[in-house]
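Below is coords_8.txt, which holds compact mmCIF, C-alpha atoms.
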# COMPACT_ATOMS: atom_id res chain seq x y z
CA MET Z 1 -113.95 86.51 49.92
CA PRO Z 2 -115.76 83.15 49.91
CA GLU Z 3 -113.68 80.22 51.10
CA ALA Z 4 -113.69 78.51 47.70
CA GLU Z 5 -112.22 81.63 46.12
CA ALA Z 6 -109.67 81.95 48.92
CA ILE Z 7 -108.56 78.37 48.31
CA GLU Z 8 -108.10 78.94 44.57
CA ARG Z 9 -106.16 82.13 45.22
CA ALA Z 10 -104.04 80.41 47.85
CA LYS Z 11 -103.10 77.78 45.28
CA LYS Z 12 -101.64 80.62 43.25
CA GLY Z 13 -99.71 82.00 46.21
CA ASP Z 14 -101.90 84.94 47.11
CA PRO Z 15 -100.82 85.99 50.63
CA GLU Z 16 -104.15 87.56 51.60
CA SER Z 17 -105.87 84.27 50.91
CA PHE Z 18 -103.40 82.39 53.05
CA GLU Z 19 -104.11 84.68 55.97
CA GLY Z 20 -107.82 84.53 55.29
CA LEU Z 21 -107.86 80.74 55.45
CA TYR Z 22 -105.77 80.86 58.59
CA GLY Z 23 -108.21 83.25 60.22
CA LEU Z 24 -111.17 81.06 59.36
CA HIS Z 25 -109.73 77.83 60.71
CA LYS Z 26 -107.06 78.68 63.30
CA ARG Z 27 -109.33 78.38 66.32
CA ARG Z 28 -110.53 74.91 65.56
CA VAL Z 29 -107.09 73.62 64.60
CA TYR Z 30 -105.49 75.17 67.67
CA SER Z 31 -108.18 73.82 69.99
CA LEU Z 32 -107.67 70.36 68.56
CA CYS Z 33 -103.90 70.54 69.04
CA LEU Z 34 -104.27 71.94 72.55
CA ARG Z 35 -106.73 69.33 73.67
CA MET Z 36 -104.69 66.47 72.25
CA THR Z 37 -101.37 67.63 73.70
CA GLY Z 38 -102.47 69.49 76.83
CA ASN Z 39 -99.63 71.94 76.28
CA THR Z 40 -99.93 75.50 74.94
CA ALA Z 41 -96.45 75.77 73.44
CA GLU Z 42 -96.70 72.40 71.71
CA ALA Z 43 -100.17 73.25 70.46
CA GLU Z 44 -98.94 76.48 68.89
CA ASP Z 45 -96.00 74.74 67.21
CA LEU Z 46 -98.29 72.04 65.88
CA THR Z 47 -100.83 74.59 64.68
CA GLN Z 48 -98.08 76.33 62.77
CA GLU Z 49 -96.90 73.03 61.31
CA ALA Z 50 -100.42 72.00 60.32
CA PHE Z 51 -101.02 75.21 58.41
CA LEU Z 52 -97.61 75.06 56.73
CA GLN Z 53 -98.39 71.55 55.55
CA LEU Z 54 -101.77 72.78 54.40
CA TYR Z 55 -100.24 75.50 52.26
CA ARG Z 56 -97.65 73.13 50.82
CA LYS Z 57 -100.34 70.62 49.89
CA ILE Z 58 -103.17 72.95 48.99
CA ALA Z 59 -102.58 72.47 45.29
CA THR Z 60 -103.62 68.84 45.76
CA PHE Z 61 -106.99 69.72 47.29
CA ARG Z 62 -109.60 68.69 44.78
CA GLY Z 63 -112.76 69.34 46.75
CA GLU Z 64 -113.85 65.72 47.18
CA SER Z 65 -114.38 66.48 50.86
CA ALA Z 66 -115.09 69.72 52.66
CA PHE Z 67 -111.99 71.86 53.05
CA SER Z 68 -112.41 71.98 56.83
CA THR Z 69 -112.60 68.18 56.95
CA TRP Z 70 -109.43 67.90 54.89
CA LEU Z 71 -107.58 70.42 57.03
CA HIS Z 72 -108.80 68.85 60.23
CA ARG Z 73 -107.57 65.41 59.23
CA LEU Z 74 -104.24 66.90 58.27
CA ALA Z 75 -103.96 68.56 61.70
CA VAL Z 76 -104.79 65.29 63.48
CA ASN Z 77 -102.04 63.53 61.53
CA VAL Z 78 -99.55 66.26 62.43
CA VAL Z 79 -100.34 65.85 66.13
CA LEU Z 80 -100.19 62.06 66.01
CA MET Z 81 -96.83 62.14 64.20
CA HIS Z 82 -95.52 64.49 66.87
CA LEU Z 83 -96.74 62.24 69.67
CA ARG Z 84 -95.19 59.17 68.04
CA LYS Z 85 -91.85 60.96 67.85
CA LYS Z 86 -92.14 61.80 71.52
CA GLY Z 87 -92.77 58.14 72.22
CA LEU Z 88 -95.96 58.77 74.10
CA PRO Z 89 -98.25 55.75 74.41
CA GLU Z 90 -101.19 56.34 72.13
CA VAL Z 91 -103.03 53.09 72.41
CA SER Z 92 -101.66 49.86 73.76
CA LEU Z 93 -101.64 47.41 70.87
CA GLU Z 94 -101.53 44.53 73.29
CA GLU Z 95 -104.52 45.90 75.14
CA SER Z 96 -106.43 43.02 76.58
CA LEU Z 97 -110.15 43.12 76.35
CA GLU Z 98 -110.38 41.37 79.67
CA PRO Z 99 -111.23 43.70 82.52
CA GLN Z 100 -108.27 44.95 84.48
CA GLN Z 101 -108.21 45.58 88.21
CA GLU Z 102 -109.17 49.22 87.80
CA ASP Z 103 -111.98 48.22 85.50
CA GLY Z 104 -113.77 46.14 88.09
CA PRO Z 105 -117.54 46.41 88.20
CA LYS Z 106 -118.67 49.62 89.74
CA LYS Z 107 -121.07 48.00 92.11
CA ASP Z 108 -121.26 50.40 94.94
CA ILE Z 109 -122.68 48.93 98.04
CA GLY Z 110 -124.73 51.32 100.03
CA ALA Z 111 -126.04 54.70 98.96
CA ARG Z 112 -125.91 55.58 95.28
CA ASP Z 113 -123.68 58.46 94.32
CA ASN Z 114 -125.42 61.48 92.77
CA VAL Z 115 -125.40 61.47 88.98
CA LEU Z 116 -123.38 64.10 87.17
CA ALA Z 117 -126.24 65.60 85.17
CA GLY Z 118 -126.41 69.37 85.59
CA SER Z 119 -123.19 69.67 87.53
CA ILE Z 120 -120.55 70.09 84.80
CA ASP Z 121 -119.45 73.43 83.44
CA ARG Z 122 -117.03 74.11 80.62
CA VAL Z 123 -114.06 74.92 82.83
CA ASN Z 124 -114.33 71.75 84.90
CA LEU Z 125 -114.76 69.58 81.85
CA GLU Z 126 -111.79 71.12 80.04
CA ARG Z 127 -109.63 70.71 83.15
CA ALA Z 128 -110.69 67.09 83.54
CA ILE Z 129 -109.88 66.36 79.89
CA GLU Z 130 -106.50 68.00 80.35
CA SER Z 131 -105.85 65.71 83.33
CA LEU Z 132 -106.46 62.53 81.38
CA PRO Z 133 -103.48 60.32 80.56
CA PRO Z 134 -102.31 61.11 77.00
CA GLY Z 135 -103.61 57.91 75.40
CA TYR Z 136 -107.09 58.33 76.88
CA ARG Z 137 -107.15 62.04 76.08
CA ILE Z 138 -106.36 61.49 72.41
CA ILE Z 139 -109.10 58.94 71.91
CA PHE Z 140 -111.65 61.01 73.83
CA VAL Z 141 -110.83 64.18 71.90
CA LEU Z 142 -110.93 62.43 68.54
CA HIS Z 143 -114.20 60.59 69.16
CA ASP Z 144 -116.33 62.59 71.55
CA ILE Z 145 -115.20 66.13 70.72
CA GLU Z 146 -114.03 65.97 67.13
CA GLY Z 147 -116.52 63.35 65.98
CA TYR Z 148 -114.29 60.74 64.39
CA GLU Z 149 -115.71 57.23 64.19
CA HIS Z 150 -113.95 54.23 65.70
CA ASN Z 151 -112.99 52.82 62.32
CA GLU Z 152 -111.30 56.14 61.45
CA ILE Z 153 -109.52 56.30 64.81
CA ALA Z 154 -108.39 52.71 64.46
CA GLU Z 155 -106.88 53.50 61.08
CA MET Z 156 -105.15 56.64 62.36
CA MET Z 157 -103.84 55.03 65.53
CA GLY Z 158 -102.96 51.65 64.07
CA CYS Z 159 -105.16 49.72 66.44
CA SER Z 160 -108.32 47.65 66.26
CA ILE Z 161 -111.83 49.07 66.47
CA GLY Z 162 -112.39 47.08 69.64
CA ASN Z 163 -109.28 48.62 71.14
CA SER Z 164 -110.49 52.10 70.25
CA LYS Z 165 -113.85 51.44 71.93
CA SER Z 166 -112.18 50.00 75.00
CA GLN Z 167 -109.81 52.95 75.40
CA LEU Z 168 -112.63 55.42 74.86
CA HIS Z 169 -114.66 53.75 77.57
CA LYS Z 170 -111.75 53.95 79.96
CA ALA Z 171 -111.27 57.61 79.12
CA ARG Z 172 -114.92 58.35 79.89
CA MET Z 173 -114.76 56.36 83.13
CA LYS Z 174 -111.68 58.30 84.18
CA LEU Z 175 -113.39 61.58 83.35
CA ARG Z 176 -116.36 60.53 85.41
CA ASP Z 177 -114.10 59.91 88.39
CA LEU Z 178 -112.29 63.23 87.92
CA LEU Z 179 -115.52 65.19 87.64
CA LYS Z 180 -117.05 63.56 90.70
CA THR Z 181 -113.89 64.25 92.69
CA SER Z 182 -113.92 67.87 91.57
CA ARG Z 183 -117.57 68.21 92.54
CA ALA Z 184 -116.93 66.65 95.95
CA GLU Z 185 -113.99 69.01 96.58
CA LYS Z 186 -116.16 72.00 95.75
CA ALA Z 187 -118.84 70.80 98.13
CA VAL Z 188 -116.30 70.50 100.94
CA LYS Z 189 -115.04 74.04 100.38
CA ARG Z 190 -118.51 75.53 100.75
CA MET P 1 -126.83 39.25 84.25
CA THR P 2 -124.37 40.64 86.78
CA CYS P 3 -122.97 44.15 86.90
CA ALA P 4 -119.56 42.79 85.95
CA GLU P 5 -120.95 41.16 82.83
CA PHE P 6 -122.90 44.26 81.89
CA GLN P 7 -119.97 46.61 82.39
CA LYS P 8 -117.70 44.33 80.38
CA ALA P 9 -120.04 44.71 77.43
CA LEU P 10 -120.68 48.41 78.02
CA PRO P 11 -117.87 49.83 75.80
CA TYR P 12 -119.42 48.06 72.81
CA ILE P 13 -123.09 48.75 73.47
CA ILE P 14 -123.24 52.23 74.95
CA GLU P 15 -123.74 53.91 71.58
CA THR P 16 -125.74 51.22 69.81
CA GLY P 17 -127.72 49.65 72.63
CA GLY P 18 -127.43 46.12 73.99
CA ASN P 19 -129.30 42.89 73.62
CA ALA P 20 -132.49 42.14 75.56
CA GLU P 21 -130.63 40.84 78.61
CA GLU P 22 -128.32 43.85 78.75
CA GLU P 23 -131.18 46.30 78.34
CA GLN P 24 -133.10 44.54 81.10
CA HIS P 25 -130.13 44.80 83.45
CA LEU P 26 -129.87 48.49 82.62
CA ARG P 27 -133.52 48.99 83.51
CA GLU P 28 -133.27 47.07 86.76
CA CYS P 29 -129.85 48.03 88.14
CA PRO P 30 -129.65 51.55 89.57
CA VAL P 31 -125.84 51.50 89.80
CA CYS P 32 -125.31 50.59 86.15
CA SER P 33 -128.14 52.89 85.13
CA ASP P 34 -126.47 55.82 86.90
CA LEU P 35 -123.14 54.89 85.32
CA VAL P 36 -124.58 54.89 81.80
CA GLN P 37 -126.43 58.14 82.49
CA ASP P 38 -123.18 59.78 83.63
CA LEU P 39 -121.20 58.52 80.65
CA ARG P 40 -123.82 59.71 78.17
CA TYR P 41 -123.96 63.07 79.92
CA ILE P 42 -120.18 63.45 79.59
CA VAL P 43 -120.41 62.67 75.87
CA GLU P 44 -123.22 65.18 75.43
CA GLN P 45 -121.27 67.92 77.19
CA ALA P 46 -118.12 67.18 75.21
CA LYS P 47 -120.01 67.89 71.98
CA LEU P 48 -120.75 71.38 73.28
CA LEU P 49 -117.09 72.30 73.73
CA VAL P 50 -116.96 75.00 71.08
CA PRO P 51 -113.38 75.99 70.17
CA MET P 52 -112.79 79.15 72.16
CA GLU P 53 -109.03 79.35 72.45
CA GLU P 54 -106.92 81.30 70.00
CA PRO P 55 -103.25 80.83 69.19
CA SER P 56 -101.01 83.79 69.86
CA PRO P 57 -100.21 86.15 66.95
CA LYS P 58 -96.68 84.72 66.76
CA VAL P 59 -98.13 81.53 65.22
CA TRP P 60 -99.21 83.44 62.12
CA ASP P 61 -95.93 85.34 62.13
CA GLY P 62 -94.09 82.03 62.07
CA ILE P 63 -96.25 80.68 59.27
CA LYS P 64 -95.85 83.81 57.18
CA GLY P 65 -92.10 83.86 57.71
CA SER P 66 -91.75 80.23 56.64
CA LEU P 67 -93.92 80.74 53.57
CA GLU P 68 -91.87 83.73 52.50
CA ARG P 69 -88.60 81.88 53.02
CA GLU P 70 -89.88 78.95 50.99
CA GLY P 71 -91.02 81.33 48.27
CA MET P 72 -94.56 80.05 48.52
CA ILE P 73 -96.17 83.43 48.68
CA ARG P 74 -95.54 86.36 46.46
CA PRO P 75 -95.23 89.75 48.10
CA SER P 76 -98.60 91.20 48.92
CA ARG P 77 -99.69 94.23 46.87
CA ALA P 78 -101.64 95.56 49.86
CA ARG P 79 -99.87 98.10 52.01
CA GLY P 80 -99.57 97.53 55.73
CA ARG P 81 -101.41 94.55 57.17
CA LEU P 82 -102.32 91.73 54.83
CA LEU P 83 -105.88 91.87 56.05
CA GLY P 84 -106.38 95.58 55.43
CA LYS P 85 -109.33 97.56 56.61
CA LYS P 86 -111.04 97.07 53.28
CA SER P 87 -110.86 93.28 53.31
CA SER P 88 -114.33 91.88 52.97
CA LEU P 89 -113.59 88.45 54.48
CA PRO P 90 -114.08 89.45 58.16
CA TRP P 91 -117.24 91.41 57.37
CA ILE P 92 -118.76 88.48 55.50
CA GLY P 93 -118.13 86.43 58.62
CA ALA P 94 -119.75 89.13 60.75
CA LEU P 95 -122.79 89.27 58.47
CA GLY P 96 -123.10 85.50 58.71
CA ALA P 97 -122.93 85.76 62.47
CA ILE P 98 -125.61 88.45 62.53
CA ILE P 99 -127.87 86.33 60.36
CA LEU P 100 -127.35 83.24 62.52
CA ILE P 101 -128.00 85.15 65.74
CA ALA P 102 -131.03 86.83 64.21
CA PHE P 103 -132.35 83.49 62.96
CA GLY P 104 -131.84 81.94 66.37
CA ALA P 105 -133.55 84.87 68.05
CA PHE P 106 -136.37 84.65 65.51
CA LEU P 107 -137.00 81.01 66.36
CA PHE P 108 -137.19 81.79 70.05
CA GLN P 109 -139.51 84.71 69.36
CA ARG P 110 -141.84 82.36 67.51
CA GLY P 111 -141.62 80.00 70.43
CA ARG P 112 -142.89 82.70 72.79
CA GLN P 113 -145.76 83.72 70.54
CA THR P 114 -147.20 80.25 69.99
CA GLN P 115 -147.02 77.19 72.19
CA PRO P 116 -143.99 77.30 74.44
CA GLY P 117 -141.58 74.63 73.36
CA ALA P 118 -143.68 73.38 70.44
CA ALA P 119 -142.70 76.21 68.10
CA LEU P 120 -139.09 75.08 68.22
CA GLU P 121 -140.07 71.98 66.33
CA THR P 122 -141.10 73.98 63.30
CA ILE P 123 -138.37 75.46 61.18
CA ALA P 124 -139.19 78.92 59.87
CA THR P 125 -137.78 79.80 56.52
CA PRO P 126 -138.73 83.37 55.92
CA PRO P 127 -136.03 85.63 54.66
CA VAL P 128 -133.95 86.89 57.54
CA GLN P 129 -132.84 90.47 57.37
CA ALA P 130 -129.64 91.64 58.90
CA ILE P 131 -130.35 93.43 62.12
CA SER P 132 -128.28 96.09 63.78
CA LEU P 133 -125.57 94.65 65.96
CA GLU P 134 -127.01 96.63 68.85
CA THR P 135 -130.40 94.92 68.70
CA VAL P 136 -129.54 91.23 68.26
CA ALA P 137 -128.79 88.73 70.97
CA THR P 138 -129.54 90.96 73.93
CA GLU P 139 -129.32 89.81 77.52
CA GLN P 140 -133.03 89.05 77.32
CA ASP P 141 -132.41 86.80 74.31
CA ASP P 142 -129.66 85.03 76.22
CA GLN P 143 -131.96 84.45 79.18
CA GLN P 144 -134.69 83.12 76.92
CA LEU P 145 -132.19 80.82 75.24
CA LEU P 146 -131.04 79.48 78.59
CA GLN P 147 -134.62 79.02 79.77
CA GLN P 148 -135.44 77.01 76.66
CA VAL P 149 -132.32 74.88 77.07
CA ALA P 150 -133.06 74.38 80.78
CA ALA P 151 -136.61 73.33 79.98
CA ARG P 152 -135.68 70.90 77.22
CA ARG P 153 -132.14 69.83 78.14
CA PRO P 154 -131.62 70.66 81.82
CA GLY P 155 -128.32 68.85 82.04
CA SER P 156 -126.79 71.07 79.38
CA ALA P 157 -127.86 74.41 80.84
CA PRO P 158 -124.76 75.05 83.04
CA LEU P 159 -122.40 74.59 80.11
CA TYR P 160 -124.41 76.88 77.85
CA GLU P 161 -124.50 79.46 80.60
CA SER P 162 -120.76 79.41 81.16
CA ASN P 163 -120.09 79.56 77.40
CA LEU P 164 -122.44 82.53 77.00
CA THR P 165 -120.85 84.32 79.94
CA GLN P 166 -117.43 83.89 78.41
CA VAL P 167 -118.42 85.04 74.93
CA ASN P 168 -120.42 88.02 76.26
CA ALA P 169 -117.38 89.10 78.26
CA ALA P 170 -115.32 88.94 75.05
CA ILE P 171 -117.95 91.04 73.22
CA ALA P 172 -118.07 93.61 76.02
CA ASP P 173 -114.29 93.89 76.12
CA ALA P 174 -113.99 94.34 72.35
CA LYS P 175 -116.79 96.92 72.30
CA LYS P 176 -115.10 98.85 75.07
CA ARG P 177 -111.81 98.87 73.18
CA LEU P 178 -113.55 100.02 70.02
CA GLY P 179 -115.29 102.75 72.00
CA GLU P 180 -111.91 104.01 73.15
CA ASN P 181 -110.34 103.69 69.71
CA PRO P 182 -112.66 103.16 66.72
CA ASN P 183 -109.62 102.40 64.55
CA ASP P 184 -108.52 99.48 66.68
CA GLU P 185 -108.31 96.71 64.08
CA ASP P 186 -107.62 93.98 66.65
CA ALA P 187 -110.65 94.99 68.68
CA ARG P 188 -112.81 94.97 65.57
CA GLN P 189 -111.67 91.47 64.61
CA SER P 190 -112.07 90.30 68.22
CA LEU P 191 -115.63 91.60 68.21
CA MET P 192 -116.44 89.80 64.96
CA ARG P 193 -114.95 86.55 66.23
CA ALA P 194 -116.92 86.84 69.48
CA TYR P 195 -120.17 87.36 67.54
CA GLN P 196 -119.37 84.33 65.40
CA GLN P 197 -118.85 82.26 68.52
CA LYS P 198 -122.11 83.50 69.96
CA ALA P 199 -123.89 82.64 66.73
CA MET P 200 -122.41 79.15 66.94
CA LEU P 201 -123.72 78.77 70.51
CA TYR P 202 -127.20 79.85 69.47
CA GLU P 203 -127.14 77.43 66.57
CA LEU P 204 -126.10 74.56 68.85
CA ALA P 205 -128.81 75.48 71.34
CA VAL P 206 -131.48 75.59 68.66
CA ARG P 207 -130.44 72.15 67.46
CA ALA P 208 -130.29 70.82 71.01
CA VAL P 209 -133.81 71.83 71.90
CA GLN P 210 -135.40 70.69 68.65
Would you write out, as structure tokens, the structure that this file holds?
Amino acid sequence: MPEAEAIERAKKGDPESFEGLYGLHKRRVYSLCLRMTGNTAEAEDLTQEAFLQLYRKIATFRGESAFSTWLHRLAVNVVLMHLRKKGLPEVSLEESLEPQQEDGPKKDIGARDNVLAGSIDRVNLERAIESLPPGYRIIFVLHDIEGYEHNEIAEMMGCSIGNSKSQLHKARMKLRDLLKTSRAEKAVKR
Amino acid sequence: MTCAEFQKALPYIIETGGNAEEEQHLRECPVCSDLVQDLRYIVEQAKLLVPMEEPSPKVWDGIKGSLEREGMIRPSRARGRLLGKKSSLPWIGALGAIILIAFGAFLFQRGRQTQPGAALETIATPPVQAISLETVATEQDDQQLLQQVAARRPGSAPLYESNLTQVNAAIADAKKRLGENPNDEDARQSLMRAYQQKAMLYELAVRAVQ
């Protein structure tokens, strides 16, 4: 059954269509929830909630955007609502654009460290993302993995575009440190 | 321009590029150059993180239960599982996966027959016929894919390799289960999903090396 037909049938309450749409999109929605929360149980609950909201609102889907885009945005909102209820810091609204202590210039004196190119595999990268502080992880997942633009993230998170860029940069810098540490630990073990 | 000044501006210029002074610093400073190279590499690798994880079956059970309680779905007329053996939705997905894998393999075949590397810049649009599941995306195709990626995008090769290893393991496991029990519906759906994921990887690789 083509997706468009499944959507129309789902609007009429056809259970096979509901399950069909779930099967098509569950992996991406679940991966998004898992990466943003870092917790399997939470991710499953949020996946369930996202799809329930989808089915409740599916009658309002008019096709102005791609269905997957619409569903994806809905899932992001579900996760962000959940995180707000938990009181987790998403983005600091008072974030100063002045460099903080930890943001000092990375001017290494002496030998240059080896660049990362060619040394990252999927497992290490996923683990490093999981290790990020929640605020950094959310921004990184939304921008660099899920492809949202800064203006969209700013609107979702209630922050400025500059703030979004600053947080993203910090997330990437933190990932860089984590990946280099992981690589160094592996080298020691050999 | 000092490193401190450059790195202060970096969050706002890394995607769009900087002014003349910033670009000059980037050319001349090995530390900042390495930093930018690392950050761009991380971004590139993040884009390749194909969704591989699946929620447990209880997620769907929970959804279905809630929908029934809310009266949002009418009882299914199908007997047994909602996605019965005759449902065409999974098989359409499998056919799409076969076509994508075949198309990807076709492009790499053209690449071998003409100039290595150059053929990937031309997009072939002949009709692609579905090929038997046993003959598409063999180990040789995987190796050729990885060689092409390593030649054109060396930094991305390890991630492609680990993704392919994972998806091939999933294919092998599902095939084994189907060999033991041809009526294993879960194994059949697992196999189709694994082929879809492999097709997605091939598609990403083709785009990456073009």
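Taking CA of Leu80 in chain Z as the reference point, CA of Leu46 in chain Z is found at 10.2 Å.
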>> Give me, as a list in words, all polymer residues having an atom no more than 9 Å from Met173 in chain Z, counting all atoms listed in the file and skipping those fewer than 4 positions away in the same chain.
In response: Asp103, Leu168, His169, Asp177 and Leu178 of chain Z; Leu35 and Leu39 of chain P
For the residues selected in the previous step, produce a file with C-alpha atoms as a JSON list (two decimals), keeping the file's coordinate frame.
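Result went into result.json, see below:
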[["chain", "number", "residue", "atom", "x", "y", "z"],
["Z", 103, "ASP", "CA", -111.98, 48.22, 85.50],
["Z", 168, "LEU", "CA", -112.63, 55.42, 74.86],
["Z", 169, "HIS", "CA", -114.66, 53.75, 77.57],
["Z", 177, "ASP", "CA", -114.10, 59.91, 88.39],
["Z", 178, "LEU", "CA", -112.29, 63.23, 87.92],
["P", 35, "LEU", "CA", -123.14, 54.89, 85.32],
["P", 39, "LEU", "CA", -121.20, 58.52, 80.65]]
> For chain Z against chain P, which residues fall within 6 Å using only C-alpha atoms, given as a ChimeraX atom specification?
Replying inline: /Z:1,13,15-16,27-28,31,48,105,116-118,121-122,144-145,165-166,169
> Distance CA of Glu15 in chain P-CA of Glu28 in chain P, one decimal place?
Replying inline: 19.2 Å
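Counting all atoms listed in the file, the residue from Z:Tyr136, Z:Glu42, Z:Ala59, Z:Ala4 that sits nearest to Lys86 in chain Z is Z:Glu42.
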